[in-house]
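The next block is upload32.txt, given as compact mmCIF, C-alpha atoms.
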# COMPACT_ATOMS: atom_id res chain seq x y z
CA MET S 1 -49.66 -15.09 -105.24
CA LEU S 2 -46.85 -14.10 -107.57
CA THR S 3 -48.60 -15.77 -110.51
CA ARG S 4 -51.86 -14.02 -109.67
CA PHE S 5 -50.12 -10.67 -109.37
CA ILE S 6 -48.34 -11.06 -112.71
CA ALA S 7 -51.51 -12.20 -114.47
CA ARG S 8 -53.60 -9.32 -113.11
CA ALA S 9 -50.95 -6.67 -113.47
CA SER S 10 -51.94 -5.47 -116.90
CA ALA S 11 -54.26 -5.91 -119.84
CA PRO S 12 -53.19 -8.26 -122.63
CA LYS S 13 -50.35 -6.76 -124.62
CA PRO S 14 -50.64 -7.05 -128.41
CA PRO S 15 -46.93 -7.99 -128.83
CA LEU S 16 -47.47 -10.99 -126.51
CA LEU S 17 -50.44 -12.11 -128.58
CA LEU S 18 -48.47 -11.67 -131.82
CA ALA S 19 -45.57 -13.68 -130.40
CA SER S 20 -48.03 -16.40 -129.40
CA SER S 21 -49.38 -16.59 -132.95
CA LEU S 22 -45.83 -16.84 -134.28
CA VAL S 23 -44.82 -19.65 -131.91
CA PHE S 24 -48.09 -21.53 -132.37
CA ASN S 25 -47.65 -21.50 -136.15
CA ILE S 26 -44.01 -22.56 -135.93
CA GLY S 27 -45.02 -25.53 -133.80
CA PHE S 28 -47.94 -26.42 -136.04
CA TYR S 29 -46.13 -26.16 -139.39
CA ALA S 30 -43.08 -27.97 -138.05
CA VAL S 31 -45.21 -31.09 -137.54
CA VAL S 32 -48.45 -31.27 -139.53
CA PRO S 33 -47.01 -30.88 -143.09
CA PHE S 34 -44.93 -34.01 -142.46
CA LEU S 35 -47.82 -36.08 -141.10
CA ALA S 36 -48.86 -37.37 -144.54
CA ILE S 37 -45.33 -38.68 -145.20
CA PHE S 38 -45.38 -40.50 -141.85
CA LEU S 39 -48.77 -42.05 -142.61
CA ARG S 40 -47.61 -43.23 -146.04
CA ASP S 41 -44.06 -44.37 -145.35
CA ASP S 42 -44.25 -45.59 -141.75
CA LEU S 43 -47.86 -46.71 -141.31
CA LEU S 44 -48.19 -47.77 -144.97
CA LEU S 45 -51.64 -46.24 -145.35
CA SER S 46 -53.32 -45.89 -148.72
CA GLY S 47 -54.11 -42.48 -150.20
CA TRP S 48 -57.78 -42.45 -149.20
CA ALA S 49 -56.89 -43.33 -145.60
CA ILE S 50 -54.31 -40.56 -145.46
CA GLY S 51 -56.89 -38.14 -146.78
CA LEU S 52 -59.37 -39.29 -144.15
CA VAL S 53 -56.92 -38.73 -141.30
CA LEU S 54 -55.93 -35.29 -142.56
CA GLY S 55 -59.56 -34.41 -143.19
CA LEU S 56 -60.53 -35.39 -139.65
CA ARG S 57 -57.70 -33.25 -138.31
CA THR S 58 -58.83 -30.19 -140.26
CA PHE S 59 -62.50 -30.60 -139.42
CA SER S 60 -61.76 -31.18 -135.73
CA GLN S 61 -60.16 -27.73 -135.69
CA GLN S 62 -62.42 -25.61 -137.88
CA GLY S 63 -65.59 -27.37 -136.78
CA MET S 64 -64.75 -26.81 -133.11
CA PHE S 65 -63.93 -23.11 -133.41
CA LEU S 66 -67.48 -22.16 -132.53
CA LEU S 67 -67.34 -24.18 -129.31
CA GLY S 68 -63.87 -22.83 -128.54
CA GLY S 69 -65.11 -19.26 -128.88
CA ALA S 70 -68.14 -19.95 -126.69
CA LEU S 71 -65.95 -21.52 -124.00
CA SER S 72 -63.69 -18.48 -124.14
CA ASP S 73 -66.67 -16.18 -123.53
CA ARG S 74 -67.94 -18.39 -120.71
CA TYR S 75 -64.75 -19.18 -118.80
CA GLY S 76 -62.31 -16.50 -119.97
CA ALA S 77 -59.69 -16.38 -122.73
CA ARG S 78 -56.71 -17.13 -120.47
CA LEU S 79 -58.02 -20.47 -119.23
CA ILE S 80 -59.10 -21.64 -122.68
CA ILE S 81 -55.79 -20.63 -124.29
CA LEU S 82 -53.88 -22.61 -121.68
CA LEU S 83 -56.24 -25.55 -122.08
CA GLY S 84 -55.76 -25.44 -125.85
CA CYS S 85 -51.98 -25.63 -125.39
CA VAL S 86 -52.37 -28.67 -123.11
CA VAL S 87 -54.64 -30.43 -125.63
CA ARG S 88 -52.25 -29.78 -128.52
CA ILE S 89 -49.30 -30.99 -126.45
CA ALA S 90 -51.22 -34.20 -125.79
CA GLY S 91 -51.96 -34.56 -129.51
CA PHE S 92 -48.32 -34.11 -130.53
CA LEU S 93 -47.21 -36.56 -127.83
CA LEU S 94 -49.60 -39.18 -129.20
CA LEU S 95 -48.23 -38.60 -132.70
CA GLY S 96 -44.67 -38.83 -131.41
CA LEU S 97 -45.11 -41.96 -129.30
CA SER S 98 -47.57 -44.02 -131.37
CA ASP S 99 -46.97 -46.41 -134.24
CA THR S 100 -50.51 -47.72 -134.75
CA LEU S 101 -53.40 -46.04 -136.53
CA ALA S 102 -55.96 -45.48 -133.75
CA PRO S 103 -53.78 -43.36 -131.43
CA VAL S 104 -52.39 -41.48 -134.44
CA ILE S 105 -55.93 -40.53 -135.51
CA LEU S 106 -56.71 -39.45 -131.94
CA GLY S 107 -53.49 -37.43 -131.78
CA ALA S 108 -54.22 -35.74 -135.11
CA CYS S 109 -57.72 -34.79 -133.94
CA LEU S 110 -56.41 -33.47 -130.63
CA THR S 111 -54.02 -31.15 -132.46
CA GLY S 112 -57.06 -29.71 -134.23
CA VAL S 113 -59.14 -29.39 -131.06
CA GLY S 114 -56.27 -27.60 -129.34
CA GLY S 115 -56.15 -25.01 -132.10
CA ALA S 116 -59.92 -24.60 -131.95
CA LEU S 117 -59.61 -23.75 -128.27
CA PHE S 118 -56.83 -21.17 -128.30
CA SER S 119 -57.25 -19.48 -131.71
CA PRO S 120 -60.64 -17.75 -131.10
CA SER S 121 -59.42 -16.67 -127.65
CA ILE S 122 -56.25 -15.13 -129.08
CA GLU S 123 -58.32 -13.29 -131.70
CA ALA S 124 -60.76 -12.01 -129.09
CA LEU S 125 -57.93 -10.73 -126.86
CA LEU S 126 -56.25 -9.08 -129.85
CA ALA S 127 -59.52 -7.35 -130.75
CA GLN S 128 -59.84 -6.01 -127.19
CA ALA S 129 -56.22 -4.89 -127.04
CA GLY S 130 -56.48 -3.34 -130.50
CA THR S 131 -59.56 -1.41 -129.44
CA GLN S 132 -57.68 0.05 -126.48
CA SER S 133 -54.73 0.89 -128.72
CA GLU S 134 -57.02 2.66 -131.19
CA LYS S 135 -58.77 4.60 -128.42
CA SER S 136 -55.42 5.88 -127.19
CA GLY S 137 -54.49 7.10 -130.66
CA LYS S 138 -51.93 4.40 -131.35
CA ARG S 139 -52.00 1.54 -133.85
CA SER S 140 -55.49 0.65 -135.08
CA ARG S 141 -57.25 -2.65 -134.43
CA ALA S 142 -57.11 -3.58 -138.13
CA GLU S 143 -53.35 -2.91 -138.18
CA TRP S 144 -52.86 -5.23 -135.20
CA PHE S 145 -54.74 -7.95 -137.07
CA ALA S 146 -52.54 -7.29 -140.10
CA LEU S 147 -49.44 -7.69 -137.92
CA SER S 148 -50.91 -10.90 -136.58
CA ALA S 149 -51.21 -12.17 -140.16
CA VAL S 150 -47.54 -11.31 -140.76
CA CYS S 151 -46.48 -13.18 -137.61
CA ALA S 152 -48.61 -16.16 -138.56
CA GLU S 153 -47.03 -16.18 -142.02
CA LEU S 154 -43.54 -16.04 -140.53
CA GLY S 155 -44.46 -19.08 -138.47
CA ALA S 156 -45.72 -20.81 -141.61
CA VAL S 157 -42.28 -20.22 -143.18
CA LEU S 158 -40.10 -21.06 -140.17
CA GLY S 159 -42.12 -24.10 -139.08
CA PRO S 160 -41.47 -26.25 -142.17
CA LEU S 161 -37.79 -25.26 -142.08
CA LEU S 162 -37.55 -26.50 -138.50
CA GLY S 163 -39.43 -29.67 -139.40
CA SER S 164 -37.13 -30.27 -142.38
CA LEU S 165 -34.06 -30.01 -140.17
CA LEU S 166 -35.46 -32.58 -137.76
CA SER S 167 -37.11 -34.85 -140.34
CA ARG S 168 -33.83 -36.65 -141.01
CA TYR S 169 -34.37 -38.29 -137.63
CA GLY S 170 -37.92 -39.36 -138.51
CA PHE S 171 -41.37 -37.94 -137.97
CA GLN S 172 -41.79 -38.91 -134.34
CA PRO S 173 -38.88 -36.77 -133.07
CA VAL S 174 -40.40 -33.89 -135.03
CA ALA S 175 -43.74 -34.40 -133.25
CA LEU S 176 -42.02 -34.59 -129.86
CA ALA S 177 -40.14 -31.36 -130.64
CA GLY S 178 -43.46 -29.74 -131.50
CA SER S 179 -44.91 -30.80 -128.16
CA GLY S 180 -41.86 -29.34 -126.43
CA LEU S 181 -42.32 -26.02 -128.21
CA PHE S 182 -45.96 -25.84 -127.10
CA LEU S 183 -44.93 -26.77 -123.56
CA ILE S 184 -42.60 -23.76 -123.48
CA ALA S 185 -45.41 -21.57 -124.83
CA LEU S 186 -47.75 -22.92 -122.15
CA LEU S 187 -45.35 -21.99 -119.37
CA VAL S 188 -44.69 -18.52 -120.75
CA LEU S 189 -48.38 -17.77 -121.25
CA PHE S 190 -49.25 -19.10 -117.80
CA PHE S 191 -47.13 -16.37 -116.24
CA THR S 192 -47.82 -13.55 -118.70
CA LEU S 193 -51.46 -13.74 -119.82
CA PRO S 194 -53.72 -11.48 -117.76
CA ALA S 195 -56.51 -13.03 -115.75
CA SER S 196 -59.88 -12.85 -117.47
CA PRO S 197 -62.50 -10.60 -115.88
CA LYS S 198 -65.13 -12.33 -113.81
CA ARG S 199 -68.16 -13.32 -115.82
CA ALA S 200 -71.66 -12.30 -114.86
CA ALA S 201 -73.72 -15.10 -113.37
CA GLU S 202 -76.41 -14.75 -116.01
CA LEU S 203 -73.99 -15.45 -118.89
CA LYS S 204 -75.39 -18.36 -120.88
CA ILE S 205 -73.59 -21.67 -121.18
CA VAL S 206 -73.95 -21.54 -124.98
CA PRO S 207 -73.65 -17.83 -125.82
CA TRP S 208 -72.75 -18.72 -129.41
CA TRP S 209 -76.47 -19.11 -130.07
CA GLU S 210 -76.80 -15.37 -129.85
CA THR S 211 -74.56 -14.93 -132.88
CA PHE S 212 -77.20 -16.57 -135.10
CA ARG S 213 -79.90 -14.15 -134.01
CA GLN S 214 -78.28 -11.44 -136.11
CA PRO S 215 -79.28 -11.97 -139.76
CA ARG S 216 -76.70 -9.53 -141.08
CA PHE S 217 -73.91 -11.25 -139.14
CA VAL S 218 -75.02 -14.68 -140.39
CA ALA S 219 -75.03 -13.36 -143.97
CA PHE S 220 -71.58 -11.88 -143.37
CA ILE S 221 -69.95 -15.09 -142.12
CA ILE S 222 -71.53 -17.12 -144.94
CA ALA S 223 -70.15 -14.69 -147.52
CA TYR S 224 -66.80 -14.46 -145.71
CA SER S 225 -66.44 -18.26 -145.67
CA ALA S 226 -65.70 -18.15 -149.40
CA TYR S 227 -62.29 -16.70 -148.44
CA LEU S 228 -61.19 -19.83 -146.56
CA PHE S 229 -62.64 -22.07 -149.27
CA SER S 230 -60.79 -20.14 -151.97
CA TYR S 231 -57.48 -20.00 -150.13
CA ASN S 232 -57.72 -23.71 -149.35
CA GLN S 233 -57.46 -24.35 -153.10
CA LEU S 234 -53.73 -23.75 -152.79
CA TYR S 235 -53.65 -27.25 -151.30
CA LEU S 236 -56.28 -28.88 -153.53
CA ALA S 237 -56.42 -27.10 -156.90
CA LEU S 238 -52.87 -25.72 -157.27
CA PRO S 239 -51.29 -29.20 -157.51
CA VAL S 240 -53.81 -30.01 -160.27
CA GLU S 241 -52.69 -26.98 -162.28
CA LEU S 242 -49.04 -27.89 -161.75
CA ARG S 243 -49.71 -31.34 -163.16
CA ARG S 244 -51.52 -29.87 -166.20
CA SER S 245 -48.61 -27.55 -166.88
CA GLY S 246 -45.99 -30.28 -166.56
CA GLY S 247 -44.74 -29.11 -163.18
CA SER S 248 -44.05 -31.21 -160.10
CA GLU S 249 -44.44 -31.17 -156.34
CA GLN S 250 -40.99 -29.57 -156.12
CA ASP S 251 -42.49 -26.41 -157.61
CA LEU S 252 -44.85 -26.06 -154.63
CA GLY S 253 -42.08 -24.92 -152.29
CA PRO S 254 -41.02 -21.81 -154.23
CA LEU S 255 -44.67 -20.90 -154.86
CA PHE S 256 -45.49 -20.99 -151.15
CA VAL S 257 -42.36 -18.98 -150.41
CA LEU S 258 -43.70 -16.38 -152.86
CA ALA S 259 -46.98 -16.25 -150.93
CA SER S 260 -45.16 -15.78 -147.64
CA VAL S 261 -42.90 -13.04 -149.03
CA LEU S 262 -45.92 -11.19 -150.40
CA VAL S 263 -47.61 -11.28 -146.99
CA ILE S 264 -44.52 -10.20 -145.08
CA VAL S 265 -43.74 -7.30 -147.44
CA LEU S 266 -47.21 -6.06 -148.39
CA GLN S 267 -49.56 -6.89 -145.52
CA MET S 268 -49.08 -3.71 -143.50
CA PRO S 269 -49.20 -1.25 -146.43
CA LEU S 270 -52.30 -2.99 -147.81
CA ALA S 271 -53.92 -2.97 -144.36
CA ARG S 272 -53.44 0.80 -144.09
CA PHE S 273 -54.78 1.26 -147.60
CA ALA S 274 -57.79 -0.92 -146.77
CA ARG S 275 -58.52 1.08 -143.63
CA ARG S 276 -58.52 4.35 -145.58
CA THR S 277 -60.71 2.89 -148.33
CA GLY S 278 -63.31 1.28 -146.06
CA ALA S 279 -64.88 -2.17 -145.77
CA ALA S 280 -67.70 -1.41 -148.20
CA ARG S 281 -65.18 -1.16 -151.04
CA ILE S 282 -62.31 -3.36 -149.87
CA LEU S 283 -64.23 -6.56 -149.13
CA PRO S 284 -65.97 -6.73 -152.54
CA ALA S 285 -62.63 -5.92 -154.19
CA GLY S 286 -60.81 -8.57 -152.17
CA PHE S 287 -63.30 -11.29 -153.06
CA GLY S 288 -63.17 -10.06 -156.65
CA LEU S 289 -59.41 -10.76 -156.64
CA LEU S 290 -60.04 -14.28 -155.34
CA SER S 291 -62.45 -14.84 -158.22
CA ALA S 292 -59.98 -13.35 -160.70
CA ALA S 293 -57.32 -15.82 -159.49
CA PHE S 294 -59.38 -18.77 -160.71
CA VAL S 295 -60.41 -16.99 -163.92
CA ALA S 296 -56.72 -16.40 -164.67
CA VAL S 297 -56.05 -20.14 -164.54
CA ALA S 298 -59.17 -20.85 -166.63
CA LEU S 299 -57.73 -18.70 -169.42
CA PHE S 300 -54.78 -21.11 -169.71
CA ALA S 301 -56.42 -24.41 -168.70
CA TRP S 302 -57.35 -25.46 -172.25
CA THR S 303 -53.95 -24.65 -173.82
CA ILE S 304 -50.83 -26.74 -174.23
CA PRO S 305 -48.32 -25.39 -171.66
CA PRO S 306 -45.15 -23.75 -173.00
CA GLN S 307 -41.64 -24.85 -172.14
CA GLY S 308 -39.57 -23.27 -169.38
CA TRP S 309 -40.72 -21.15 -166.50
CA LEU S 310 -43.66 -19.74 -168.45
CA ARG S 311 -45.54 -22.99 -167.79
CA LEU S 312 -45.79 -21.79 -164.17
CA LEU S 313 -47.40 -18.47 -165.12
CA PRO S 314 -50.99 -19.62 -164.31
CA SER S 315 -49.83 -20.93 -160.93
CA LEU S 316 -47.99 -17.68 -160.23
CA LEU S 317 -51.11 -15.68 -161.07
CA LEU S 318 -53.25 -17.96 -158.91
CA ILE S 319 -51.09 -17.72 -155.82
CA THR S 320 -50.41 -13.99 -156.23
CA LEU S 321 -54.06 -12.97 -156.66
CA LEU S 322 -55.23 -15.27 -153.88
CA THR S 323 -52.60 -13.91 -151.50
CA VAL S 324 -53.30 -10.24 -152.30
CA GLY S 325 -57.01 -10.88 -151.94
CA GLN S 326 -56.42 -12.52 -148.59
CA MET S 327 -54.33 -9.58 -147.38
CA LEU S 328 -57.16 -7.19 -148.19
CA ILE S 329 -59.94 -9.36 -146.76
CA VAL S 330 -58.64 -10.76 -143.47
CA PRO S 331 -57.67 -7.63 -141.47
CA VAL S 332 -60.84 -5.81 -142.54
CA GLY S 333 -63.05 -8.83 -141.92
CA MET S 334 -61.54 -9.47 -138.49
CA ASP S 335 -61.91 -5.80 -137.62
CA LEU S 336 -65.64 -5.89 -138.40
CA ILE S 337 -66.46 -8.66 -135.94
CA PRO S 338 -66.50 -6.40 -132.83
CA ARG S 339 -68.91 -4.13 -134.71
CA PHE S 340 -71.32 -7.02 -135.08
CA ALA S 341 -70.69 -8.28 -131.55
CA GLY S 342 -70.84 -4.88 -129.85
CA GLN S 343 -67.83 -6.02 -127.77
CA HIS S 344 -69.95 -8.83 -126.24
CA ASN S 345 -69.19 -12.55 -126.71
CA LEU S 346 -66.30 -11.77 -129.03
CA GLY S 347 -64.94 -15.30 -128.80
CA ALA S 348 -68.23 -16.78 -129.94
CA HIS S 349 -68.42 -14.39 -132.89
CA TYR S 350 -64.86 -15.17 -134.01
CA GLY S 351 -65.56 -18.85 -133.44
CA ALA S 352 -68.68 -18.67 -135.60
CA LEU S 353 -66.66 -17.00 -138.37
CA SER S 354 -64.02 -19.75 -138.35
CA SER S 355 -66.53 -22.59 -138.04
CA MET S 356 -68.48 -21.35 -141.03
CA GLY S 357 -65.21 -21.28 -142.98
CA GLY S 358 -64.52 -24.90 -142.02
CA ILE S 359 -67.99 -25.92 -143.17
CA ALA S 360 -67.48 -24.08 -146.46
CA VAL S 361 -64.19 -25.90 -147.09
CA LEU S 362 -65.71 -29.29 -146.29
CA VAL S 363 -68.86 -28.79 -148.38
CA GLY S 364 -67.17 -26.87 -151.18
CA ASN S 365 -64.35 -29.36 -151.66
CA PHE S 366 -66.87 -32.21 -151.64
CA LEU S 367 -69.13 -30.58 -154.24
CA LEU S 368 -66.48 -29.05 -156.51
CA GLY S 369 -63.36 -31.10 -155.84
CA GLY S 370 -64.39 -33.87 -158.19
CA LEU S 371 -64.61 -31.40 -161.07
CA LEU S 372 -60.87 -30.81 -160.84
CA ASP S 373 -60.22 -34.23 -162.38
CA ASN S 374 -61.21 -32.57 -165.67
CA ALA S 375 -58.45 -29.99 -165.21
CA LEU S 376 -55.55 -32.45 -165.08
CA THR S 377 -54.98 -32.28 -168.83
CA PRO S 378 -55.36 -29.37 -171.29
CA SER S 379 -58.82 -29.40 -172.87
CA PRO S 380 -61.90 -27.18 -173.15
CA ALA S 381 -63.42 -29.18 -170.28
CA ALA S 382 -60.51 -28.09 -168.06
CA VAL S 383 -61.91 -24.55 -168.02
CA ILE S 384 -65.15 -25.55 -166.28
CA PRO S 385 -63.73 -26.42 -162.81
CA TRP S 386 -61.87 -23.12 -162.60
CA LEU S 387 -64.93 -21.11 -163.55
CA ALA S 388 -66.95 -23.00 -160.95
CA LEU S 389 -64.33 -22.14 -158.33
CA ALA S 390 -64.37 -18.51 -159.48
CA ALA S 391 -68.14 -18.30 -159.02
CA VAL S 392 -67.92 -18.87 -155.25
CA PRO S 393 -65.92 -15.74 -154.29
CA PHE S 394 -67.66 -13.75 -157.03
CA LEU S 395 -71.01 -14.36 -155.32
CA SER S 396 -69.42 -13.35 -152.02
CA ALA S 397 -68.17 -10.12 -153.59
CA LEU S 398 -71.74 -9.26 -154.56
CA ALA S 399 -73.00 -10.23 -151.10
CA MET S 400 -70.33 -8.17 -149.33
CA TRP S 401 -71.21 -5.11 -151.42
CA ARG S 402 -74.77 -5.38 -150.15
CA ILE S 403 -73.96 -6.35 -146.53
CA CYS S 404 -71.36 -3.62 -145.98
CA ARG S 405 -73.58 -0.80 -147.17
CA ARG S 406 -75.30 -0.72 -143.76
CA LEU S 407 -72.76 -1.86 -141.22
CA PRO S 408 -73.20 -1.36 -137.48
CA PRO S 409 -71.26 1.69 -136.21
CA PRO S 410 -67.71 1.14 -134.97
CA ALA S 411 -67.64 -0.21 -131.41
CA ILE S 412 -64.74 1.86 -130.11
Could you express the structure from this file as C-alpha cells?
Amino acid sequence: MLTRFIARASAPKPPLLLASSLVFNIGFYAVVPFLAIFLRDDLLLSGWAIGLVLGLRTFSQQGMFLLGGALSDRYGARLIILLGCVVRIAGFLLLGLSDTLAPVILGACLTGVGGALFSPSIEALLAQAGTQSEKSGKRSRAEWFALSAVCAELGAVLGPLLGSLLSRYGFQPVALAGSGLFLIALLVLFFTLPASPKRAAELKIVPWWETFRQPRFVAFIIAYSAYLFSYNQLYLALPVELRRSGGSEQDLGPLFVLASVLVIVLQMPLARFARRTGAARILPAGFGLLSAAFVAVALFAWTIPPQGWLRLLPSLLLITLLTVGQMLIVPVGMDLIPRFAGQHNLGAHYGALSSMGGIAVLVGNFLLGGLLDNALTPSPAAVIPWLALAAVPFLSALAMWRICRRLPPPAI
C-alpha cells in the first residue's frame, strides 16, 4: 500500500528523470568502455571478434529501441523502466561472472536490450513532464531535454573515471560494481516513479506501426538519423585522423573531455538560443555544422601534419563542430517528437527515432567505413572519405529545411 501510494502521489518529476539519466550513464560508461580490453587481454579474442561482440551490443540496444518504446506505450513507462534495469543488471552480472565467450556475448547483448527498454520510456516521461512545466510557465520542454543532455554528458565523464579507479582490480569487479549501481537505481525508481495511467483496452499490441503511417514523421527520422551516424564517427573516424596526424590513442582522452566540457558549459545557452530561433532554422544549421566538421578534416587530410599540438587541429575542429551541432540538434529534435505524435504513443515515436539512428549507424559504417582506410596516410585520396561523410549530414540539412517548413502545431 505504501509503495502504491508513493508511486501514485505525483506526476513524474523532471529532476528524478534527469538523475536517472545521470546514474544510468555513470553505470554504463563505467563498464562498457573497458569491455574491449577484457575481450582482448582476458579472453584473447582477435580484433574482428571484439568488433563483432561490440557491434552486437550496440545493435541490440539501438535496434530494440522501437520495441522498447512500443512496450512503454502498451504497458506503461514505469514497468518498462524497471524491467530495463533488471535486464541490464543481469547483463552486467553475466559479464562480471563469466570467463567464456558465449555468456559474455549474451551479457553484452542484455546490457543493450536493457537500455532499449528504459531509454525511450525515460524520454517519453520527460516529454510529458516538460509539457506540464511549459504549460505552467516554467522551464520549457526543450530546456528539460537540454538539461537531460547535460546530465547524460556528466555521466559519460564520471563513468569512465569510476571504471578507471576499479580497473586495477580487473574488468569483472568493474562489471559487478556496475550491476550494483543499477540495482540501487532500480530500488530508488521502484519507490519514486509514478504509476502509469491505465491503458485503454483498444490500444494495439504493436502501436509503433502507427508511427510509419505519417510520411512527414518517417522523413524526419530518416533525416535525423544522420546525427547519430555523424556523431558515431568520433569512435570510428576520429582515431583514423589521429593516426594520419601522428597522434595516438592517448590523445582521445583529452579530446573527449573537450566534448564533455563543451556540452556542460554551452548546452543550456544554445538550447535557449535554438528555441528562440525555431526548428526550421536550427535543424538545417545543426546538420550543416556536422557536415562542416568532416569538410574541415578533408581540408587537412592530404597534407603532411605539422609538429606539435597543431597536428591535432583537424581533430579539434572535428570534435568541436560535431559537438556544437549535436547541442543544437538534439533538444530541438526531441522537442518535435510530441508534435508529430500528438501526445499519443510517445514511447513508440521516440523508439522509432532511436531505432532509425541505429540502422543508419550500422548501414552507414558498413558502406562508408571501408573508405576510411584511404585516410590513414596523407594523400589526395584521403580527402574522399571525409567528403563522403560530409555528404550525409549535408543531405539531412536540405531535408530538414523542407520538412520543418510545415511542421504540425505545438502539442501543448
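Minimum atom-to-atom distance to Ala124 in chain S, evaluated using all atoms listed in the file, belongs to S:Met334 out of S:Leu56, S:Leu270, S:Met334, S:Leu283.
Among the candidate residues S:Leu289, S:Leu258, S:Leu368, S:Leu186, the one lying nearest to Ser315 in chain S is S:Leu258, with distances computed using only C-alpha atoms.
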Counting all atoms listed in the file, what is within 8 Å of Gly63 in chain S, bar same-chain residues fewer than 2 positions away, as a PyMOL selection string?
chain S and resi 59-61+65-66+116+354-356+358-359
With 7 Å as the threshold, what does the neighbourhood of (-55.7, -18.1, -149.2) contain in terms of residues, counting all atoms listed in the file? Coordinates are those of the file; answer as a PyMOL selection string.
chain S and resi 227-228+230-232+234+322-323+326
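Between Ala226 in chain S and the residues S:Leu71, S:Leu161, S:Leu290, S:Leu310, the shortest atom-to-atom distance, using all atoms listed in the file, involves S:Leu290.
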For CA of Arg276 in chain S and CA of Gln132 in chain S, the interatomic separation in Å (one decimal):
19.6 Å
